[in-house]
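Asks: Input: one structure, supplied below.
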Amino acid sequence: MTSKSGKDKKRSLGRGLSALMSDIDIPVAKETTAPAKSDKFVAIEKIRPNPDQPRRTFTEEQLTDLSNSIKTKGVIQPLIVRPISGGVEDYEIVAGERRWRAAQIAKLHELPVIIRDFDDTETLEIAIIENIQRADLNPIEEAAGYRQLMFKFGHTQEKLASALGKSRSHIANLMRLLNLPDVVQDMVVDGKLSAGHARTVIGAQDPVGMAKEIVAKGLSVREAEKLLKLGQSKAKTQKKDAFKVEKDADTQALEGDLSAALEMPVSIDHKAGGEAGKIVINYKSLEQLDILCMKLGMG
């Protein structure tokens, strides 16, 4: 006979994204909101961060601001944690690492927590969703989160868009940023380059060089798009020039003689190593065409 806890565990596995989101759908509390109900208070040294936390950047300024708020009003929003196996009463953070870090700065001794029995897969999935819901990630971290949700858990862009209240184009555009060189991605993480600028850089022949130029000149997204078009135009010209065959001195001299005799520009295209080719005579008006016909004995 299967125990109730076993059945609950089985039901929790493989459930949909919306079901997982309902487990972390705790509204972000405002200053005037009463503290959300927690399961218990846990000593801060008994709580450990999630090594797979998708958020990698915690700025000192943000943590300081949050710690000052915590000193005044306490931790209004409980952390979501899960028990760590091994017999000790320690917990791993599922959602709320920034609050945990700020609480340490504020020198708190214990934190309110909501305990959930999540497995490794659900813990990572919820950590990603929780950060995305709160717009708590930079564009690169958010894009990496979407990629993890798609490739590790089999979610489609359509499913993510519907569940997270995002547009499919928003998700697709952000994920394209992961194709950029690491140098450019770091510039986005550091806030030197916006997501809009970074999307423009994707189409550049030299994305790193273009990104540096955008930052150095403080270009707007529209100006960056113009820079991209200019670069693409130059690249096409250079490609065409690369296929041009330099004509020998005899061919150039013959072109000059024919142009002088006909009083019209003449170009000779002679296939190297062969005996065939073509002559192109350019005229600027119908009058010149009549003159050309007369000189060729046609009129």
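Labels used: A, B, ... for chains in the order of the structure tokens, numbers from 1 for residues in each chain, and numbers from 1 for ligands as shown.
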Could you pull the residues within 12 Å of Ala261 of chain A, counting only C-alpha atoms, minus those fewer than 6 positions along the same chain, as a ChimeraX atom specification?

Replies: /A:254-255,281,291-292,295-296

Asks: Keeping only N, CA and C atoms, write the selected residues as a CSV table (one decimal), in the first residue's frame.

Replies:
chain,number,residue,atom,x,y,z
A,254,LEU,N,44.1,48.9,-74.6
A,254,LEU,CA,43.1,48.7,-75.7
A,254,LEU,C,41.8,49.4,-75.3
A,255,GLU,N,41.4,49.3,-74.1
A,255,GLU,CA,40.1,49.9,-73.6
A,255,GLU,C,40.2,51.5,-73.9
A,281,ILE,N,30.1,48.7,-74.5
A,281,ILE,CA,30.2,50.1,-74.9
A,281,ILE,C,29.0,50.8,-74.2
A,291,ILE,N,25.2,57.7,-83.3
A,291,ILE,CA,26.6,57.9,-83.7
A,291,ILE,C,27.4,56.6,-83.7
A,292,LEU,N,27.2,55.8,-82.7
A,292,LEU,CA,27.8,54.5,-82.6
A,292,LEU,C,27.5,53.6,-83.7
A,295,LYS,N,29.3,54.8,-86.8
A,295,LYS,CA,30.7,54.4,-86.8
A,295,LYS,C,30.9,52.9,-87.1
A,296,LEU,N,30.0,52.1,-86.7
A,296,LEU,CA,30.1,50.7,-87.0
A,296,LEU,C,29.5,50.3,-88.3

Asks: Near Ala161 of chain A, counting only C-alpha atoms, which residues have an atom at most 9 Å away, once you skip same-chain residues fewer than 6 positions from it, shown as a ChimeraX atom specification?

Replies: /A:167-171

Asks: The selected residues should be written to file as a compact mmCIF listing (two decimals), in the first residue's frame (atoms: N, CA, C and O atoms).

Replies:
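Saved as part.txt:
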# COMPACT_ATOMS: atom_id res chain seq x y z
N SER A 167 5.25 37.84 -24.28
CA SER A 167 4.99 37.57 -25.69
C SER A 167 6.02 36.57 -26.19
O SER A 167 7.15 36.51 -25.69
N ARG A 168 5.64 35.79 -27.20
CA ARG A 168 6.58 34.81 -27.76
C ARG A 168 7.79 35.52 -28.37
O ARG A 168 8.92 35.04 -28.29
N SER A 169 7.55 36.69 -28.99
CA SER A 169 8.65 37.43 -29.61
C SER A 169 9.64 37.92 -28.55
O SER A 169 10.85 37.95 -28.79
N HIS A 170 9.12 38.29 -27.36
CA HIS A 170 10.00 38.72 -26.27
C HIS A 170 10.95 37.59 -25.88
O HIS A 170 12.16 37.81 -25.73
N ILE A 171 10.41 36.39 -25.74
CA ILE A 171 11.22 35.24 -25.37
C ILE A 171 12.22 34.90 -26.46
O ILE A 171 13.40 34.67 -26.21

Asks: Please identify which residues in segment 96-205 of chain A DSSP calls alpha helix (DSSP H) from the backbone, and express them as a ChimeraX atom specification.

Replies: /A:97-105,120-133,139-153,157-164,168-176,182-189,195-202

Asks: Just the residues within 9 Å of Lys40 of chain A, please, counting only C-alpha atoms, with nothing from its chain fewer than 4 positions along; format it as a PyMOL selection string.

Replies: chain A and resi 111-115

Asks: What would the file look like if the residues just selected were written as an mmCIF file, in the first residue's frame with all heavy atoms?

Replies:
data_model
loop_
_atom_site.group_PDB
_atom_site.id
_atom_site.type_symbol
_atom_site.label_atom_id
_atom_site.label_comp_id
_atom_site.auth_asym_id
_atom_site.auth_seq_id
_atom_site.Cartn_x
_atom_site.Cartn_y
_atom_site.Cartn_z
ATOM 1 N N LEU A 111 15.021 33.665 9.804
ATOM 2 C CA LEU A 111 14.211 34.138 8.684
ATOM 3 C C LEU A 111 12.917 33.336 8.600
ATOM 4 O O LEU A 111 12.898 32.123 8.881
ATOM 5 C CB LEU A 111 14.977 33.985 7.366
ATOM 6 C CG LEU A 111 16.179 34.908 7.144
ATOM 7 C CD1 LEU A 111 16.925 34.507 5.890
ATOM 8 C CD2 LEU A 111 15.723 36.351 7.055
ATOM 9 N N PRO A 112 11.821 33.975 8.146
ATOM 10 C CA PRO A 112 10.583 33.238 7.923
ATOM 11 C C PRO A 112 10.694 32.420 6.642
ATOM 12 O O PRO A 112 11.221 32.896 5.637
ATOM 13 C CB PRO A 112 9.542 34.360 7.773
ATOM 14 C CG PRO A 112 10.309 35.518 7.231
ATOM 15 C CD PRO A 112 11.673 35.418 7.857
ATOM 16 N N VAL A 113 10.225 31.177 6.690
ATOM 17 C CA VAL A 113 10.330 30.313 5.510
ATOM 18 C C VAL A 113 9.021 29.570 5.273
ATOM 19 O O VAL A 113 8.225 29.349 6.193
ATOM 20 C CB VAL A 113 11.478 29.277 5.661
ATOM 21 C CG1 VAL A 113 12.813 29.967 5.843
ATOM 22 C CG2 VAL A 113 11.194 28.319 6.811
ATOM 23 N N ILE A 114 8.819 29.207 4.013
ATOM 24 C CA ILE A 114 7.741 28.290 3.613
ATOM 25 C C ILE A 114 8.446 27.049 3.090
ATOM 26 O O ILE A 114 9.275 27.130 2.174
ATOM 27 C CB ILE A 114 6.854 28.916 2.534
ATOM 28 C CG1 ILE A 114 6.124 30.143 3.101
ATOM 29 C CG2 ILE A 114 5.863 27.897 1.988
ATOM 30 C CD1 ILE A 114 5.337 30.921 2.062
ATOM 31 N N ILE A 115 8.159 25.914 3.669
ATOM 32 C CA ILE A 115 8.871 24.680 3.341
ATOM 33 C C ILE A 115 8.099 23.880 2.298
ATOM 34 O O ILE A 115 6.905 23.629 2.454
ATOM 35 C CB ILE A 115 9.094 23.830 4.605
ATOM 36 C CG1 ILE A 115 9.863 24.652 5.651
ATOM 37 C CG2 ILE A 115 9.863 22.549 4.270
ATOM 38 C CD1 ILE A 115 9.922 23.990 7.016
#

Asks: List as a list in words the protein and nucleic acid residues near Leu228 of chain A, meaning an atom at most 12 Å away when only C-alpha atoms are counted, but skip any in the same chain fewer than 4 places from it.

Replies: His197, Ala198, Arg199, Thr200, Val201, Ile202, Gly203, Ala204, Gln205, Asp206, Pro207, Gly209, Met210, Ala211, Glu213, Ile214, Leu219, Val221, Arg222, Glu223, Ala224, Gln232, Ser233, Lys234 and Ala235 of chain A

Asks: I'd like to know which of A:Lys229, A:Ser285, A:Asp290, A:Thr251 is closest to Asp269 of chain A, using only C-alpha atoms.

Replies: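 Using only C-alpha atoms, the shortest distance to Asp269 of chain A belongs to A:Thr251.
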
Asks: Go through A:Val94, A:Phe153, A:Ala143, A:Leu160 one by one, measure the shortest atom-to-atom distance of each to Asn173 of chain A using only C-alpha atoms, and give the residue with the smallest value.

Replies: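 So, comparing all the options, the nearest one is A:Ala143.
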